[in-house]
Every structure is written in structure tokens, then in C-alpha cells.
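Worksheet: one structure, shown below.
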Amino acid sequence: MRTRISLAAVPALLLAGLVAAPAGAEYYGIDDPADATASLSDITALQAMHGNRNLLVKVRFTELVRSSAAGLSLYIDTDRGARGAEYLLSSGLGDGTDYVLTRANGWRGSDDRVDCDYSARPKWRKDVFRALVSRACLGDPDTVRVSVKMVDEADGSHPVMDWAPKRHRWSLPIAPGLGV
């Protein structure tokens with residue numbers, strides 16, 4: 001009986017090894033607390049997947065609506081030795097807004113647009129914003145770190161701001177892996 005159990009366990013272990021995520025595939029994900037409750041666009045989670053070809057970032061919200069006056073800034077760090085971000089993807093979260101990838105100067109954007117393959121769009125029914133940036137856009141870095149800022153000026157009295165992971169803080173370094 002022991003022989004049968006150990007022989008049956010071998011295929012199960014092999015199958016588990018094949019189904020598990022590849023060791024090189026890097027993923028970062030955090031939940032964000034309800035800290036911008038004055039806005040429907042309160043960030044609830046940040047996920048980043050750094051593949052061999054692309055960086056995929058998903059930002060989840062309490063409620064994402066087409067009439068949103070909020071905007072999103074996705075900061076991308078490719079050089080840990082330099083202070084702040086090297087790239088900034090900026091987008092509105094409402095219907096009809098556009099997005100642009102520029103070089104960044106620390107935590108500030110610039111007018112220096114990056115001409116490469118990238119896309120970004122809110123998915124209102126899923127309460128998520130999705131950005132896909134080619135690694136070639138970023139100079140094929142060894143690792144990336146990301147940070148996200150949402151600003152909502154819906155009522156006009158004062159802007160509501162939410163950062164993930166935190167203000168001027170980065171995700172863990174994410175090495176490229178398979179997929180994405």
C-alpha cells in the first residue's frame with residue numbers, strides 16, 4: 001500500500017510543478033485601505049506584472065464611473081539609483097479622456113513624450129484601470145518599481161488624493177518573467 005501511495009504522489013507533484021507560476025515570472029500586488037472615501041475613485045488595490053515583453057499594471061477602485069473627474073498618474077521607476085520615476089503614464093478616469101506616457105523628472109512629469117507601444121484604459125464595469133507598457137518603452141530594465149496616484153477634484157473645494165502603495169513610495173522591485 002505504501003508503494004501505491006508514493007507512486008500516486010509522484011504524478012501529483014509533477015502536475016503541481018507544471019501548474020505553479022514560473023520562478024522567473026514576477027508579480028506584485030497589494031490591497032489599499034479606504035483612505036480617500038470622499039471620492040468614488042478610492043484605490044482599493046494595485047497589481048503589477050512584469051513580463052518578458054510588457055509591464056501590466058491594474059489599479060482597482062471602490063467605484064469607477066464614466067462621469068469621473070478623477071485622474072491617474074502611474075509612476076514607473078527603472079533606475080533605483082536615481083531619485084523618483086523615469087516614466088509617467090497620465091490618464092483621466094472618465095469617459096473621453098486620453099492618456100500619455102512621458103519621461104519623468106523625479107516625481108514630476110515632462111513634455112517629453114515616449115513614442116512606443118503602450119495602452120491604457122479604464123474598465124468601468126469592473127472598477128479597474130489597466131495599463132500595458134512595452135518593456136522596449138522602458139529600455140528593457142532589469143527591474144521596475146511602480147507607484148500610483150489618483151487625484152479627484154469632483155466637488156471643486158479641494159482635491160482628494162490617494163496613493164498606492166503610499167505617497168512617494170514604491171512597490172518592491174519586479175524582475176521580468178514569462179507571460180504578459
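Ordered as shown in the C-alpha cells, chains take letters A, B, and onward, while each chain numbers its residues from 1 and ligands are numbered from 1 in the order shown.
Those residues that approach Ser91 of chain A to within 8 Å, counting only C-alpha atoms, are A:Gly71, A:Leu72, A:Ser73, A:Leu89, A:Leu93, A:Thr97, A:Asp98, A:Tyr99, A:Val100, A:Ala120; same-chain residues fewer than 2 positions away are not listed.
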- Message: For Leu56 of chain A, find every residue with an atom within 6 Å (counting only C-alpha atoms), except residues of its own chain fewer than 4 positions away, and show them as a PyMOL selection string.
- Response: chain A and resi 48-49+131-132
Residues as selected, N, CA, C and O atoms, written as a compact mmCIF listing (two decimals), in the first residue's frame, can you do that?
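Okay, again-v3.txt is ready:
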```txt
# COMPACT_ATOMS: atom_id res chain seq x y z
N ALA A 48 0.83 44.62 -10.32
CA ALA A 48 1.77 44.83 -11.42
C ALA A 48 2.39 43.50 -11.79
O ALA A 48 2.81 42.73 -10.92
N MET A 49 2.43 43.23 -13.09
CA MET A 49 3.06 42.02 -13.61
C MET A 49 4.08 42.44 -14.66
O MET A 49 3.75 43.13 -15.61
N ALA A 131 -3.19 49.38 -17.53
CA ALA A 131 -2.14 49.97 -18.38
C ALA A 131 -1.17 48.87 -18.80
O ALA A 131 -0.76 48.06 -17.97
N LEU A 132 -0.83 48.87 -20.08
CA LEU A 132 0.12 47.90 -20.63
C LEU A 132 1.22 48.69 -21.33
O LEU A 132 0.95 49.43 -22.27
```
- Query: What residues in chain A get the DSSP label strand (DSSP E)? Please answer as a PyMOL selection string.
  - Reply: chain A and resi 26-31+43-50+54-61+71-77+85-92+99-106+118-123+128-134+145-152+160-164
- What residues in segment 6-171 of chain A get the DSSP label helix (DSSP H, G or I)? Please answer as number ranges by chain. A: 6-19, 124-126, 135-138
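For the pair atom CA of Asp115 of chain A and atom CA of Leu74 of chain A, the separation is 16.9 Å.
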- Task: Find the residues near Arg66 of chain A: any atom within 8 Å, counting only C-alpha atoms, skip ones fewer than 4 places away on the same chain, and give them as a ChimeraX atom specification.
- Result: /A:93-95,124
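Proximity ranking of A:Asp31, A:Ala36, A:His158, A:Cys137 relative to Ser119 of chain A places A:Cys137 first, based on only C-alpha atoms.
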- Task: Identify which of the residues A:Gly92, A:Gly84, A:Thr143, A:Asp79 lies closest to Arg167 of chain A, counting only C-alpha atoms when measuring atom-to-atom distances.
- Result: A:Gly84
- Task: Find the spatial neighbours of Ala34 of chain A, counting only C-alpha atoms, within a cut-off of 10 Å - ignore same-chain residues fewer than 2 positions away - and output them as a PyMOL selection string.
- Result: chain A and resi 31-32+36-38+42-44+61-62+162
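Checking A:Arg135, A:Arg80, A:Arg145, A:Arg103 one by one against Tyr118 of chain A, counting only C-alpha atoms, you find the shortest gap at A:Arg135.
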List the neighbours of Asn105 of chain A out to 9 Å using only C-alpha atoms; skip same-chain residues closer than 4 positions along the sequence, and give me the result as a JSON list (two decimals) with N, CA, C and O atoms, in the first residue's frame.
```json
[["chain", "number", "residue", "atom", "x", "y", "z"],
["A", 83, "ARG", "N", 16.69, 59.26, -8.15],
["A", 83, "ARG", "CA", 15.58, 59.61, -7.26],
["A", 83, "ARG", "C", 14.30, 59.79, -8.08],
["A", 83, "ARG", "O", 14.29, 60.48, -9.09],
["A", 84, "GLY", "N", 13.22, 59.15, -7.65],
["A", 84, "GLY", "CA", 11.93, 59.30, -8.32],
["A", 84, "GLY", "C", 11.78, 58.40, -9.53],
["A", 84, "GLY", "O", 12.52, 57.44, -9.71],
["A", 85, "ALA", "N", 10.81, 58.74, -10.36],
["A", 85, "ALA", "CA", 10.46, 57.92, -11.52],
["A", 85, "ALA", "C", 11.22, 58.35, -12.77],
["A", 85, "ALA", "O", 11.63, 59.51, -12.88],
["A", 86, "GLU", "N", 11.36, 57.41, -13.69],
["A", 86, "GLU", "CA", 11.92, 57.73, -15.00],
["A", 86, "GLU", "C", 10.81, 57.91, -16.03],
["A", 86, "GLU", "O", 11.01, 58.57, -17.05],
["A", 87, "TYR", "N", 9.63, 57.31, -15.76],
["A", 87, "TYR", "CA", 8.49, 57.39, -16.69],
["A", 87, "TYR", "C", 7.22, 57.68, -15.92],
["A", 87, "TYR", "O", 7.06, 57.27, -14.76],
["A", 109, "GLY", "N", 6.20, 65.00, -14.07],
["A", 109, "GLY", "CA", 6.16, 64.64, -15.48],
["A", 109, "GLY", "C", 6.93, 65.65, -16.31],
["A", 109, "GLY", "O", 7.53, 66.59, -15.78],
["A", 110, "SER", "N", 6.91, 65.45, -17.59],
["A", 110, "SER", "CA", 7.57, 66.37, -18.50],
["A", 110, "SER", "C", 6.76, 66.42, -19.79],
["A", 110, "SER", "O", 5.75, 65.75, -19.93]]
```
- Within 10 Å of Pro173 of chain A, counting only C-alpha atoms, which residues qualify if same-chain residues fewer than 3 places away don't, as number ranges by chain? A: 26-28, 50, 77-78, 80, 142-146, 170, 176
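Across A:Glu153, A:Leu101, A:Lys123, A:Gly106, the tightest approach to Gly81 of chain A is made by A:Gly106 when counting only C-alpha atoms.
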